[in-house]
Amino acid sequence: MTKFNIFSLIKNSLSYHENWEQHWRSPEPKKEYDIVIVGGGGHGLATAYYLASEFGITNVAVLEKGWIGGGNTGRNTTIIRSNYMWDESAKIYEHSLKLFEGLSQELNYNIMFSQRGVLNLAHNVHDLQEMSRRGTAIKLNGIDTTFLNPEQIKEKVPLINLNGRYPILGGLFQPRAGSARHDAVAWGYARSADKLGVDIIQNCEVQGFDIKNGKVQGVKTTRGNIKTKKVGIVCAGHSSVIADMAGFNLPLETVPLQALVSEPIKPVLDTVVMSNAVHVYLSQSDKGELVIGAGTDEFVSYSQRGSFDVIEHIMPPIIELFPFTSRLRQLRQWGGMTDCTTDRSPIISKTPVDGIMINCGWGTGGFKATAGSGNVFASSLAKGEMHPIAQPFSIDRHYDGYLIDEAAAAGVAH
Amino acid sequence: MLYVRDPYLNEMRDQTEYHIRSEAHKARPLEPSKVSDKDWGDYIFFFANTKGIHFERWVNFTGHRKWFNVIRNTVTDEILATYRPDEDVKKIIADLGIDKKDIKVSGVLKKLKKKSS
């Protein structure tokens with residue numbers, strides 16, 4: 001595999017960049033693998049990469065129904081942050097953020113991780129009190145965060161309207177947070193995993209499992225049966241469908257989440273702005289587009305489309321907070337299917353079937369966790385025991401009541 | 001955005017007048033204090049989350065505030081039927097010609113069915 005650097009760039013420029021090698025192979029599935037990962041999104045590819053790089057398990061297949069990174073990995077708003085309130089969440093998201101910080105070097109692939117910071121806004125006294133509680137909890141976990149007053153916010157984001165319909169009384173800022181190129185994260189993991197010997201098999205739909213005496217023996221796919229003793233299900237919106245094939249149920253509901261981007265404009269915003277109370281979620285991409293996160297629909301849907309009223313609902317506060325956006329045209333809008341748990345925390349867990357583990361329930365905020373989720377899930381699959389960071393995220397929390405209720409502590413309310 | 005026949009008004013209304021509140025026909029255990037943690041967890045947190053024919057509860061919040069059920073295809077978002085809780089769901093399913101194999105219900109209801117049969 002070519003190492004990407006200035007020399008390979010110069011060398012390939014001589015042949016007009018027409019001779020770059022393929023990023024990964026497209027192998028035929030083997031008869032048997034040590035571990036099969038169902039789902040070739042960011043989390044699945046990261047899992048495969050860490051299995052190979054950290055645990056030396058390279059006889060691994062990643063099965064993807066469509067093409068890799070074509071689902072939620074390519075549909076999110078690319079924000080990475082770790083300012084979560086509860087200890088359990090702080091550990092996994094911070095683990096992920098730390099991995100992201102070194103990821104471009106580790107993968108030799110520019111994921112364009114830009115630590116431009118994330119700013120959460122408070123519009124009323126309750127917001128300020130909630131922010132004070134959350135910010136203090138985040139600080140206690142050793143995660144960087146600062147409280148900003150309105151003047152400091154205005155300095156950071158000059159185009160913001162402090163005294164409009166939604167007055168700004170304060171903010172919480174995480175400087176190490178930021179955004180990354182989502183496709184590059186998937187491609188970088190895929191390329192490095194492939195180099196280490198992982199088979200990435202696209203256009204291969206899982207249709208069932210071969211389970212004997214409660215133990216998994218293999219996976220049935222559209223490209224033949226594959227024997228394996230260990231399966232990791234990492235397929236986000238379709239988790240319930242795949243779990244149904246293995247004969248168990250999940251505490252999930254799949255709902256559409258939308259995002260949209262504006263026409264590209266000159267640089268106006270060099271941080272990420274979020275407001276929980278009025279659902280503003282805004283950043284500017286390197287291309288100059290404003291990337292806007294909308295809310296979820298209330299109903300279960302696998303259509304990859306959201307309702308128009310959700311977009312209508314988020315536009316007025318954005319125009320109120322950023323008056324210059326009122327005449328900005330929105331270019332593209334899309335939806336993804338997010339697998340939401342009731343407590344808005346993920347599930348990284350063993351399942352009722354011996355040999356099958358599942359990593360799902362990332363809901364509306366999975367992209368930021370790609371690296372950490374893949375890392376702890378790889379460890380769990382390799383060792384057969386849940387990684388300590390993953391342990392609190394067991395399915396069993398829905399029976400013993402130890403929920404990790406991030407619903408109110410997330411960046412924006414979904 | 002969905003457009004739905006309200007079974008009380010018997011006219012087409014906009015989805016934004018309603019809240020959609022999860023899965024329908026999930027039987028609440030009659031004596032919650034006597035069920036196990038497992039069964040209670042199944043009832044509260046686990047959903048069929050069907051890709052295909054989905055039964056769900058809707059409530060109007062801008063007018064009459066009554067509850068009703070909707071059968072919807074979650075792949076196409078097409079609404080197949082709406083009915084009041086007192087209507088005979090088995091007859092509606094039969095009238096629609098839905099194959100029983102295509103109906104998935106979550107934990108508790110499944111179990112109750114097994115016990116009663």
# chains A, B, ... in the order shown; residues from 1 in each chain; ligands from 1
call {"tool": "residues_around", "arguments": {"residues": "Ser301 in chain A", "least_positions_apart": "2", "cutoff": "6 Å", "atoms": "only C-alpha atoms", "output": "NGL selection string"}}
result
(:A and (255 or 303)) or (:B and (74))
call {"tool": "select_by_dssp", "arguments": {"residues": "chain B", "states": "alpha helix (DSSP H)", "output": "ChimeraX atom specification"}}
result
/B:37-45,89-96,107-116
call {"tool": "closest_residue", "arguments": {"among": "B:His64, B:Lys101, B:Lys51, B:Arg28", "to": "Pro7 in chain B", "atoms": "only C-alpha atoms"}}
result
B:His64
call {"tool": "interface_residues", "arguments": {"of": "chain B", "to": "chain A", "cutoff": "8 Å", "atoms": "only C-alpha atoms", "output": "CSV table (one decimal) with N, CA and C atoms, in the first residue's frame"}}
result
chain,number,residue,atom,x,y,z
B,1,MET,N,-43.8,14.6,5.9
B,1,MET,CA,-45.0,14.9,6.7
B,1,MET,C,-46.1,14.0,6.3
B,2,LEU,N,-46.8,13.4,7.3
B,2,LEU,CA,-47.9,12.4,6.9
B,2,LEU,C,-49.2,13.1,7.0
B,16,THR,N,-49.0,17.1,12.0
B,16,THR,CA,-48.5,18.0,13.0
B,16,THR,C,-49.5,18.3,14.1
B,19,HIS,N,-49.3,13.7,18.2
B,19,HIS,CA,-48.1,13.1,18.7
B,19,HIS,C,-48.2,11.6,18.4
B,20,ILE,N,-47.0,11.0,18.0
B,20,ILE,CA,-47.0,9.6,17.8
B,20,ILE,C,-46.3,9.0,18.9
B,21,ARG,N,-46.9,8.1,19.6
B,21,ARG,CA,-46.4,7.6,20.9
B,21,ARG,C,-46.2,6.1,20.9
B,22,SER,N,-45.2,5.7,20.0
B,22,SER,CA,-44.7,4.4,20.1
B,22,SER,C,-45.7,3.3,19.7
B,37,ASP,N,-38.4,-8.3,37.0
B,37,ASP,CA,-37.7,-7.1,36.4
B,37,ASP,C,-37.6,-7.3,34.9
B,38,LYS,N,-37.3,-8.6,34.5
B,38,LYS,CA,-37.1,-8.9,33.1
B,38,LYS,C,-38.4,-8.5,32.3
B,40,TRP,N,-40.9,-6.6,33.2
B,40,TRP,CA,-41.2,-5.2,33.3
B,40,TRP,C,-40.3,-4.4,32.3
B,41,GLY,N,-39.0,-4.7,32.3
B,41,GLY,CA,-38.1,-4.1,31.4
B,41,GLY,C,-38.5,-4.3,29.9
B,42,ASP,N,-38.9,-5.5,29.6
B,42,ASP,CA,-39.4,-5.8,28.3
B,42,ASP,C,-40.6,-5.0,27.9
B,45,PHE,N,-39.2,-0.9,27.8
B,45,PHE,CA,-38.1,-0.4,27.0
B,45,PHE,C,-38.0,-1.1,25.6
B,46,PHE,N,-38.5,-2.3,25.4
B,46,PHE,CA,-38.3,-3.1,24.2
B,46,PHE,C,-39.4,-2.9,23.2
B,47,PHE,N,-39.0,-2.7,22.0
B,47,PHE,CA,-40.0,-2.4,20.9
B,47,PHE,C,-39.8,-3.4,19.7
B,48,ALA,N,-40.9,-3.6,19.0
B,48,ALA,CA,-40.8,-4.4,17.8
B,48,ALA,C,-40.0,-3.7,16.8
B,49,ASN,N,-40.1,-2.3,16.7
B,49,ASN,CA,-39.3,-1.5,15.8
B,49,ASN,C,-39.3,-2.1,14.4
B,50,THR,N,-40.5,-2.4,13.9
B,50,THR,CA,-40.6,-3.2,12.7
B,50,THR,C,-40.2,-2.4,11.4
B,51,LYS,N,-39.5,-3.1,10.6
B,51,LYS,CA,-39.3,-2.6,9.2
B,51,LYS,C,-40.4,-3.2,8.4
B,74,THR,N,-43.4,1.2,7.5
B,74,THR,CA,-42.3,2.0,7.9
B,74,THR,C,-41.2,2.2,6.8
B,75,VAL,N,-41.4,1.4,5.7
B,75,VAL,CA,-40.4,1.6,4.7
B,75,VAL,C,-40.9,2.7,3.7
B,76,THR,N,-42.2,2.7,3.4
B,76,THR,CA,-42.7,3.7,2.5
B,76,THR,C,-43.4,4.8,3.2
B,77,ASP,N,-43.6,4.7,4.5
B,77,ASP,CA,-44.4,5.7,5.3
B,77,ASP,C,-45.9,5.7,4.9
B,106,SER,N,-43.6,-6.8,20.0
B,106,SER,CA,-42.5,-6.9,20.9
B,106,SER,C,-42.7,-7.8,22.2
B,107,GLY,N,-41.7,-8.0,22.9
B,107,GLY,CA,-41.6,-8.9,24.1
B,107,GLY,C,-42.8,-9.3,24.8
call {"tool": "select_by_dssp", "arguments": {"residues": "chain B", "states": "strand (DSSP E or B)", "output": "PyMOL selection string"}}
result
chain B and resi 3-6+11-14+18-23+47+53-60+67-73+79-83
call {"tool": "write_last_selection", "arguments": {"atoms": "C-alpha atoms", "output": "PDB file, in the first residue's frame"}}
result
ATOM      1  CA  TYR B   3     -51.515  13.002   6.155  1.00  0.00           C
ATOM      2  CA  VAL B   4     -53.795  10.872   8.251  1.00  0.00           C
ATOM      3  CA  ARG B   5     -57.493   9.967   8.441  1.00  0.00           C
ATOM      4  CA  ASP B   6     -58.606  10.770  11.969  1.00  0.00           C
ATOM      5  CA  GLU B  11     -61.486  13.290   7.818  1.00  0.00           C
ATOM      6  CA  MET B  12     -57.920  13.755   6.592  1.00  0.00           C
ATOM      7  CA  ARG B  13     -55.741  15.794   8.971  1.00  0.00           C
ATOM      8  CA  ASP B  14     -52.115  16.916   9.123  1.00  0.00           C
ATOM      9  CA  TYR B  18     -50.721  14.654  16.547  1.00  0.00           C
ATOM     10  CA  HIS B  19     -48.070  13.096  18.698  1.00  0.00           C
ATOM     11  CA  ILE B  20     -46.989   9.597  17.766  1.00  0.00           C
ATOM     12  CA  ARG B  21     -46.402   7.619  20.896  1.00  0.00           C
ATOM     13  CA  SER B  22     -44.687   4.384  20.062  1.00  0.00           C
ATOM     14  CA  GLU B  23     -45.962   0.881  19.565  1.00  0.00           C
ATOM     15  CA  PHE B  47     -39.970  -2.401  20.915  1.00  0.00           C
ATOM     16  CA  ILE B  53     -46.057  -3.230   8.928  1.00  0.00           C
ATOM     17  CA  HIS B  54     -46.002  -1.189  12.143  1.00  0.00           C
ATOM     18  CA  PHE B  55     -48.774  -0.687  14.698  1.00  0.00           C
ATOM     19  CA  GLU B  56     -48.524   2.602  16.555  1.00  0.00           C
ATOM     20  CA  ARG B  57     -50.470   4.891  18.883  1.00  0.00           C
ATOM     21  CA  TRP B  58     -51.329   8.435  17.907  1.00  0.00           C
ATOM     22  CA  VAL B  59     -52.855  11.163  20.072  1.00  0.00           C
ATOM     23  CA  ASN B  60     -54.375  14.412  18.924  1.00  0.00           C
ATOM     24  CA  TRP B  67     -55.976   8.301  21.223  1.00  0.00           C
ATOM     25  CA  PHE B  68     -56.200   6.011  18.234  1.00  0.00           C
ATOM     26  CA  ASN B  69     -54.061   3.461  16.429  1.00  0.00           C
ATOM     27  CA  VAL B  70     -52.402   3.570  13.036  1.00  0.00           C
ATOM     28  CA  ILE B  71     -51.085   0.773  10.829  1.00  0.00           C
ATOM     29  CA  ARG B  72     -48.234   2.127   8.735  1.00  0.00           C
ATOM     30  CA  ASN B  73     -45.568   0.709   6.459  1.00  0.00           C
ATOM     31  CA  ILE B  79     -50.601   4.685   6.208  1.00  0.00           C
ATOM     32  CA  LEU B  80     -52.644   1.519   5.681  1.00  0.00           C
ATOM     33  CA  ALA B  81     -55.390   2.039   8.275  1.00  0.00           C
ATOM     34  CA  THR B  82     -56.401   4.125  11.274  1.00  0.00           C
ATOM     35  CA  TYR B  83     -58.782   2.833  13.923  1.00  0.00           C
TER      36      TYR B  83
END
call {"tool": "atom_distance", "arguments": {"atom1": "CA of Glu94 in chain A", "atom2": "CA of Val376 in chain A"}}
result
12.4 Å
call {"tool": "residues_around", "arguments": {"residues": "Ile265 in chain A", "least_positions_apart": "6", "cutoff": "10 Å", "atoms": "only C-alpha atoms", "output": "list in words"}}
result
Gln284, Ser285, Lys287, Gly288, Glu289, Leu290 and Leu328 of chain A
call {"tool": "write_last_selection", "arguments": {"atoms": "all heavy atoms", "output": "mmCIF file, in the first residue's frame"}}
result
data_model
loop_
_atom_site.group_PDB
_atom_site.id
_atom_site.type_symbol
_atom_site.label_atom_id
_atom_site.label_comp_id
_atom_site.auth_asym_id
_atom_site.auth_seq_id
_atom_site.Cartn_x
_atom_site.Cartn_y
_atom_site.Cartn_z
ATOM 1 N N GLN A 284 -19.764 25.438 10.065
ATOM 2 C CA GLN A 284 -19.445 25.728 8.664
ATOM 3 C C GLN A 284 -18.402 24.746 8.171
ATOM 4 O O GLN A 284 -17.364 24.554 8.804
ATOM 5 C CB GLN A 284 -18.949 27.171 8.502
ATOM 6 C CG GLN A 284 -18.817 27.564 7.030
ATOM 7 C CD GLN A 284 -18.553 29.048 6.832
ATOM 8 O OE1 GLN A 284 -18.075 29.721 7.733
ATOM 9 N NE2 GLN A 284 -18.862 29.550 5.648
ATOM 10 N N SER A 285 -18.688 24.132 7.044
ATOM 11 C CA SER A 285 -17.759 23.139 6.513
ATOM 12 C C SER A 285 -16.585 23.835 5.832
ATOM 13 O O SER A 285 -16.622 25.034 5.573
ATOM 14 C CB SER A 285 -18.473 22.230 5.514
ATOM 15 O OG SER A 285 -18.684 22.928 4.311
ATOM 16 N N LYS A 287 -15.794 23.618 2.892
ATOM 17 C CA LYS A 287 -16.244 24.094 1.572
ATOM 18 C C LYS A 287 -16.994 25.412 1.679
ATOM 19 O O LYS A 287 -17.275 26.047 0.680
ATOM 20 C CB LYS A 287 -17.172 23.056 0.927
ATOM 21 C CG LYS A 287 -16.435 21.930 0.242
ATOM 22 C CD LYS A 287 -17.387 21.062 -0.576
ATOM 23 C CE LYS A 287 -18.203 20.153 0.301
ATOM 24 N NZ LYS A 287 -19.052 19.224 -0.460
ATOM 25 N N GLY A 288 -17.397 25.774 2.924
ATOM 26 C CA GLY A 288 -18.096 27.039 3.126
ATOM 27 C C GLY A 288 -19.588 26.894 3.354
ATOM 28 O O GLY A 288 -20.279 27.875 3.609
ATOM 29 N N GLU A 289 -20.089 25.664 3.248
ATOM 30 C CA GLU A 289 -21.517 25.462 3.484
ATOM 31 C C GLU A 289 -21.804 25.534 4.975
ATOM 32 O O GLU A 289 -20.997 25.091 5.780
ATOM 33 C CB GLU A 289 -21.932 24.064 3.003
ATOM 34 C CG GLU A 289 -21.609 23.770 1.559
ATOM 35 C CD GLU A 289 -21.462 22.267 1.315
ATOM 36 O OE1 GLU A 289 -20.970 21.567 2.232
ATOM 37 O OE2 GLU A 289 -21.837 21.809 0.239
ATOM 38 N N LEU A 290 -22.969 26.087 5.339
ATOM 39 C CA LEU A 290 -23.392 25.970 6.731
ATOM 40 C C LEU A 290 -24.059 24.610 6.872
ATOM 41 O O LEU A 290 -24.975 24.268 6.120
ATOM 42 C CB LEU A 290 -24.374 27.073 7.106
ATOM 43 C CG LEU A 290 -23.801 28.487 7.205
ATOM 44 C CD1 LEU A 290 -24.857 29.441 7.723
ATOM 45 C CD2 LEU A 290 -22.578 28.532 8.109
ATOM 46 N N LEU A 328 -30.174 33.069 3.009
ATOM 47 C CA LEU A 328 -29.259 32.011 2.560
ATOM 48 C C LEU A 328 -30.084 30.851 2.002
ATOM 49 O O LEU A 328 -31.048 30.424 2.621
ATOM 50 C CB LEU A 328 -28.458 31.533 3.778
ATOM 51 C CG LEU A 328 -27.146 30.818 3.552
ATOM 52 C CD1 LEU A 328 -26.163 31.718 2.842
ATOM 53 C CD2 LEU A 328 -26.583 30.403 4.903
#
call {"tool": "residues_around", "arguments": {"residues": "Tyr281 in chain A", "least_positions_apart": "5", "cutoff": "7 Å", "atoms": "only C-alpha atoms", "output": "list in words"}}
result
Val273, Met274, Ser275, Ile292 and Gly293 of chain A
call {"tool": "residues_around", "arguments": {"residues": "Asn19 in chain A", "least_positions_apart": "4", "cutoff": "12 Å", "atoms": "only C-alpha atoms", "output": "list in words"}}
result
Thr2, Ser8, Leu9, Lys11, Asn12, Ser13, Leu14, Ser15 and His23 of chain A
